[in-house]
Amino acid sequence: MAGEVRAGERRQRRGDEPERSFQWVVPKGRKASIYEDLTLDTQSSVHRFQKSGYYVSFADGRGTWDDASTGLDVVTWSAFRDPNELWERPYFQQGAQCEREIEGAVKSARSEGLLGDVDPAWVDFLRRDGQIQAFVEHGIWSIATRRSRAALADTLTHGIVLYAAVKQRQAQAFVIEGMDLDEDLGGGFSIEAAKARWLGEPAWQDTRRVVERLGTITDWGELILVCGLVIEPLLGGLVRRELLLRGGLRAADPITPAIVRNAQREGDWWHDFALAFARFCAEDPEHGEANRALIDGWLAAWTPETLRAVDALEPVFAGAPGVDFDRAREAVVTGQQALLAAAGLGEPVAAS
Amino acid sequence: MATTPTRRRSVTKTHERIAQLGWNRDYHQPVPIYDTRYVFPEKAKDPMKQVMREYLPMQLEKDERVYGGFDAALRAGMPTKADERWLQVMKPLVLILVYAEGAAGRCMSVVMDVVPNEELLNGYHVQFVDEVRHIGMQMNLARWYTKHTPDPAGWHRGQEYLPENLFTRAGINLFSHAFVGDPIAAGFTMMTVIETAFTNVAFVALPDVATRNGDFIQATTYSSVQSDEARHISNGYATMLTVLQKEENIPLIQHDLQQAWWITHAFVDPFVGTIMEYFSTDRSDTENYVTKWDRWIRDDWYRSYVEQLGTMGVDIPPDMFVRARERLVAGLHHKTAPLAFSTWPLQFWKFDPLTEKDFDWFEAQYPGWYDEYGATWEAYAALADPDEGAILLAGFMEGAPPFCWTCMLACVIDEDMCHRTCCDKEGVERTRFYCSPECRWLDETNPGRYTGDRNFFDKHHGKSLSEVILELGLLRADGKTLIGQPHLKKDRMWTIDHIRACDFQIHSPNIVQARELGLPDGNWHSDEDPFGTVQGDGNGFQPVTLYGGGAGQNGDGRVRVEDMARAAVGDTPWVKL
């Protein structure tokens with residue numbers, strides 16, 4: 001197919017035993033990585049080896065996979081690579097390590113009596129808003145996992161599924177923290193109260209509106225780019241890093257920063273994934289221009305509403321000691337601009 | 001170092017909290033991209049209560065054991081000690097199971113798109129993550145075999161061969177049912193039938209055979225896979241209990257479960273039965289495939305699961321389950337195996353002729369086996385040497401049965417074979433053959449589902465065998481020796497020149513049979529279509545839909561529950577063909 005160079009041709013030139021390696025894998029570098037060997041082409045398509053068409057189709061005429069499942073187009077979807085090459089084994093290693101670190105933080109906080117040192121105003125803030133980010137992560141999870149099936153390459157499906165998985169882990173970590181604090185700090189950390197605030201507190205409603213809107217995305221490419229270039233850098237960065245991490249560190253909170261640091265580390269992987277995907281689409285030799293126009297449209301459609309959600313959270317910051325909303329807002333907006341510049345995309349549309 | 005033990009959290013209480021994360025949307029309602037005929041009750045129950053803090057370390061521990069096993073297997077010299085006959089057939093088996101794992105994961109995604117019950121979604125998602133794990137482990141197994149076993153040819157281009165191979169394409173056909181079509185029907189296919197009924201055969205019984213043949217790394221890998229299946233089975237049961245709460249779903253369940261059962265049986269039983277019995281050198285197993293089937297599928301699944309659904313109002317007649325067993329007893333896999341072996345030049349793995357020891361085992365297990373099949377196997381062995389200058393396939397093709405339009409395997413049970421005629425887009429009648437009335441029913445009641453250039457031999461009708469081998473890329477690195485061989489010897493290997501010397505031309509049994517029976521053309525391949533497809537009824541032309549596009553009984557494009565009950569017996573007068 002167009003754009004493909006069979007890996008075997010390169011390897012045979014190097015004199016390797018061609019039957020001792022997966023010849024269908026087109027390595028990104030000189031040699032195929034284990035990630036490439038284990039991930040690529042595990043689901044064939046009419047673009048990859050299924051020359052007789054799809055054997056099973058939807059009654060409405062869609063094939064097993066549908067090129068129209070995204071408005072984006074590239075010469076070769078299977079050429080996409082996760083820059084950090086996350087596959088199942090490192091995923092479980094990293095995920096388990098996150099949970100061990102959080103458990104260790106809880107354990108030492110208890111054994112060393114650290115919870116008594118936490119700024120009481122921060123504890124009040126945690127009672128009010130500490131678990132609400134769990135609903136944001138959970139909301140992203142619920143759409144990411146639904147859109148993963150339609151993606152047009154294994155490397156993309158795997159990436160979206162693992163993104164959903166880290167979102168669910170993060171959501172649950174915030175909820176379990178509430179359980180632990182309920183026990184150690186004398187109650188007031190119920191998930192029901194957090195949910196009521198998520199559903200009713202005006203400051204959170206613009207965030208909820210954006211998260212619910214994500215559920216209307218039917219294009220998996222849009223999902224990757226909106227979450228990666230808009231939602232995570234703006235809303236995720238604001239609440240996780242600027243509010244919970246910085247605020248928690250200043251308040252001597254021994255647990256919340258452990259949760260957020262791990263989430264941010266996972267976020268770095270997704271940042272790289274989304275950035276690579278944006279470049280992959282925007283720099284495609286045949287469809288790059290059309291892709292850039294489409295992506296610019298998505299950025300224009302999502303950034304203002306997301307920035308409104310960011311701005312609406314100012315009262316939440318006001319209720320937390322040691323954090324500065326204006327500085328936080330500037331940091332996330334600057335961060336997003338840098339991300340878009342790195343992706344070679346236009347300026348985001350400013351909030352009105 | 002802190003010494004205070006961490007207090008253990010209650011899994012139930014943790015899960016109760018986590019279950020609160022869902023909420024009813026006020027600003028925007030989720031937009032699904034798949035459509036279902038099922039309706040859902042308000043409440044459902046998550047049987048798994050899986051929390052990531054417990055799940056991640058548990059899976060990591062299981063991973064460490066599996067990947068450690070690969071190192072141990074290498075140090076123990078397993079690649080050269082394991083039986084070569086067995087190692088060869090791992091090539092199609094592992095790769096088609098990788099496709100199945102991907103299908104299972106994607107099944108979760110389509111189910112989540114339509115199931116509104118928040119309680120169930122976490123379990124589905126954890127299953128998708130499990131499936132990502134299974135893909136990684138099994139591809140690592142494939143990679144390990146490629147790097148270390150004595151004859152890796154075929155592994156090196158396995159994923160390229162898979163969709164166009166005579167047999168593995170039928171596996172792609174089956175497993176695609178798990179993520180194409182109505183998501184709940186897809187979920188039943190994967191969770192209720194493939195996982196609940198058949199993983200015990202694929203991931204418990206097959207690893208037992210692997211171990212008997214010295215391949216303990218296959219057993220290590222698949223036992224770890226199977227340890228996740230209990231949770232997937234729970235997902236299927238929870239889905240079933242949820243949709244059962246709505247009476248209007250019951251006809252759909254009855255219909256979809258029977259169809260899921262049949263398409264799974266139609267592929268898995270002949271495929272796995274052949275691998276288990278015809279690729280094992282060790283003959284110490286006193287259980288045959290039918291005995292295992294009775295234990296795992298008849299007793300543990302049909303009698304303990306499907307029959308019990310009757311107490312909940314699901315009335316599924318036993319006929320299709322009885323029929324499947326009758327087909328096995330009638331020799332479904334024994335009739336498939338010689339055909340598979342005779343097509344060795346078209347395969348990406350090697351075959352080993354049966355020996356006297358094998359004959360004794362088959363005769364002891366299936367009295368009368370030798371009288372029925374012995375001569376064929378002796379002929380196979382006699383023609384294994386290229387100096388004989390003849391291939392068994394030439395003899396087989398003369399009287400070969402047609403291949404089934406629906407399950408894509410050969411119609412080996414004579415009394416079950418049937419056909420129907422359908423029009424192509426020019427309005428010309430053509431014949432579709434089916435291995436059974438049940439497969440015909442599947443095609444008739446799912447217009448638009450079975451697509452593509454489905455008949456392998458139609459595609460290659462009229463070509464020389466050597467031409468097809470070259471077209472499919474089935475030569476080894478030396479550019480002349482075939483990957484597929486009829487024996488395991490390192491010498492006496494067949495080359496493309498040997499095949500050319502046989503001067504054998506492929507004739508599609510579907511085309512030949514239709515002609516001999518005086519039926520309309522049996523050919524469904526067209527060189528004019530980019531994918532070789534003859535577009536016809538329910539295959540890319542006038543795609544009749546049971547929902548969203550068809551006329552529908554009420555003329556609104558949607559089929560109601562009562563419509564589906566009629567569709568289940570093939571009575572669909574409102575469908576516009």
# chains A, B, ... in the order shown; residues from 1 in each chain; ligands from 1
>>> interface_residues(of="chain B", to="chain A", cutoff="6 Å", atoms="only C-alpha atoms", output="ChimeraX atom specification")
/B:2,4,6,21,27-28,30-31,52-53,56-57,60,99,106,109,112-113,133,136,139,146-147,152-153,156-157,160,163,173,180-181,448-453,531,545
>>> atom_distance(atom1="atom CA of B:Ser508", atom2="atom CA of B:Thr495")
23.7 Å
>>> residues_around(residues="A:Ala252", least_positions_apart="6", cutoff="9 Å", atoms="only C-alpha atoms", output="mmCIF file with N, CA and C atoms, in the first residue's frame")
data_model
loop_
_atom_site.group_PDB
_atom_site.id
_atom_site.type_symbol
_atom_site.label_atom_id
_atom_site.label_comp_id
_atom_site.auth_asym_id
_atom_site.auth_seq_id
_atom_site.Cartn_x
_atom_site.Cartn_y
_atom_site.Cartn_z
ATOM 1 N N LEU A 114 2.116 12.496 60.015
ATOM 2 C CA LEU A 114 2.236 13.687 59.164
ATOM 3 C C LEU A 114 0.912 14.401 58.934
ATOM 4 N N LEU A 115 -0.167 13.669 59.062
ATOM 5 C CA LEU A 115 -1.459 14.291 58.745
ATOM 6 C C LEU A 115 -1.800 15.407 59.737
ATOM 7 N N ASP A 117 0.163 17.652 60.634
ATOM 8 C CA ASP A 117 0.858 18.878 60.235
ATOM 9 C C ASP A 117 0.168 19.617 59.089
ATOM 10 N N VAL A 118 -0.842 19.015 58.507
ATOM 11 C CA VAL A 118 -1.446 19.610 57.319
ATOM 12 C C VAL A 118 -2.204 20.875 57.703
ATOM 13 N N ASP A 119 -2.050 21.898 56.888
ATOM 14 C CA ASP A 119 -2.747 23.173 57.090
ATOM 15 C C ASP A 119 -4.254 22.907 57.213
#
>>> residues_around(residues="stretch 198-206 of chain B", least_positions_apart="5", cutoff="7 Å", atoms="only C-alpha atoms", output="CSV table (one decimal) with N, CA and C atoms, in the first residue's frame")
chain,number,residue,atom,x,y,z
B,193,VAL,N,-20.5,-16.8,24.8
B,193,VAL,CA,-20.2,-18.1,24.1
B,193,VAL,C,-18.7,-18.3,24.0
B,222,TYR,N,-1.0,-19.2,28.2
B,222,TYR,CA,-2.4,-19.3,28.1
B,222,TYR,C,-3.1,-19.6,29.5
B,223,SER,N,-2.4,-20.2,30.4
B,223,SER,CA,-3.0,-20.3,31.7
B,223,SER,C,-3.1,-19.0,32.4
B,226,GLN,N,-6.1,-17.4,30.9
B,226,GLN,CA,-7.3,-18.0,31.4
B,226,GLN,C,-7.7,-17.5,32.8
B,276,MET,N,-5.9,-30.0,18.2
B,276,MET,CA,-5.7,-30.8,19.4
B,276,MET,C,-5.3,-32.2,19.1
B,296,TRP,N,-16.5,-29.6,29.1
B,296,TRP,CA,-16.4,-28.1,29.2
B,296,TRP,C,-17.6,-27.4,28.6
B,297,ILE,N,-18.2,-28.0,27.5
B,297,ILE,CA,-19.2,-27.2,26.8
B,297,ILE,C,-20.6,-27.7,27.1
>>> closest_residue(among="A:Leu126, A:Ala300, A:Ala263, A:Val332", to="A:Gly188", atoms="only C-alpha atoms")
A:Leu126
>>> residues_around(residues="B:Leu141", least_positions_apart="2", cutoff="9 Å", atoms="only C-alpha atoms", output="number ranges by chain")
B: 70, 94, 136-139, 143-146, 217-218, 221
>>> select_by_dssp(residues="stretch 276-345 of chain A", states="alpha helix (DSSP H)", output="PyMOL selection string")
chain A and resi 276-282+288-312+314-318+325-342
>>> residues_around(residues="B:Gln254", least_positions_apart="4", cutoff="7 Å", atoms="only C-alpha atoms", output="ChimeraX atom specification")
/B:250,258,314-316
>>> residues_around(residues="B:His525", least_positions_apart="2", cutoff="10 Å", atoms="only C-alpha atoms", output="list in words")
Ser52 of chain A; Gly452, Asp453, Arg454, Asn455, Phe456, Phe457, Asp458, Lys459, His460, His461, Gly522, Asn523, Asp527, Glu528, Asp529, Phe531, Gly532, Thr533, Val534 and Gln535 of chain B
>>> closest_residue(among="B:Val51, B:Ile499, B:Val322, B:Cys407", to="B:Arg9", atoms="only C-alpha atoms")
B:Val51
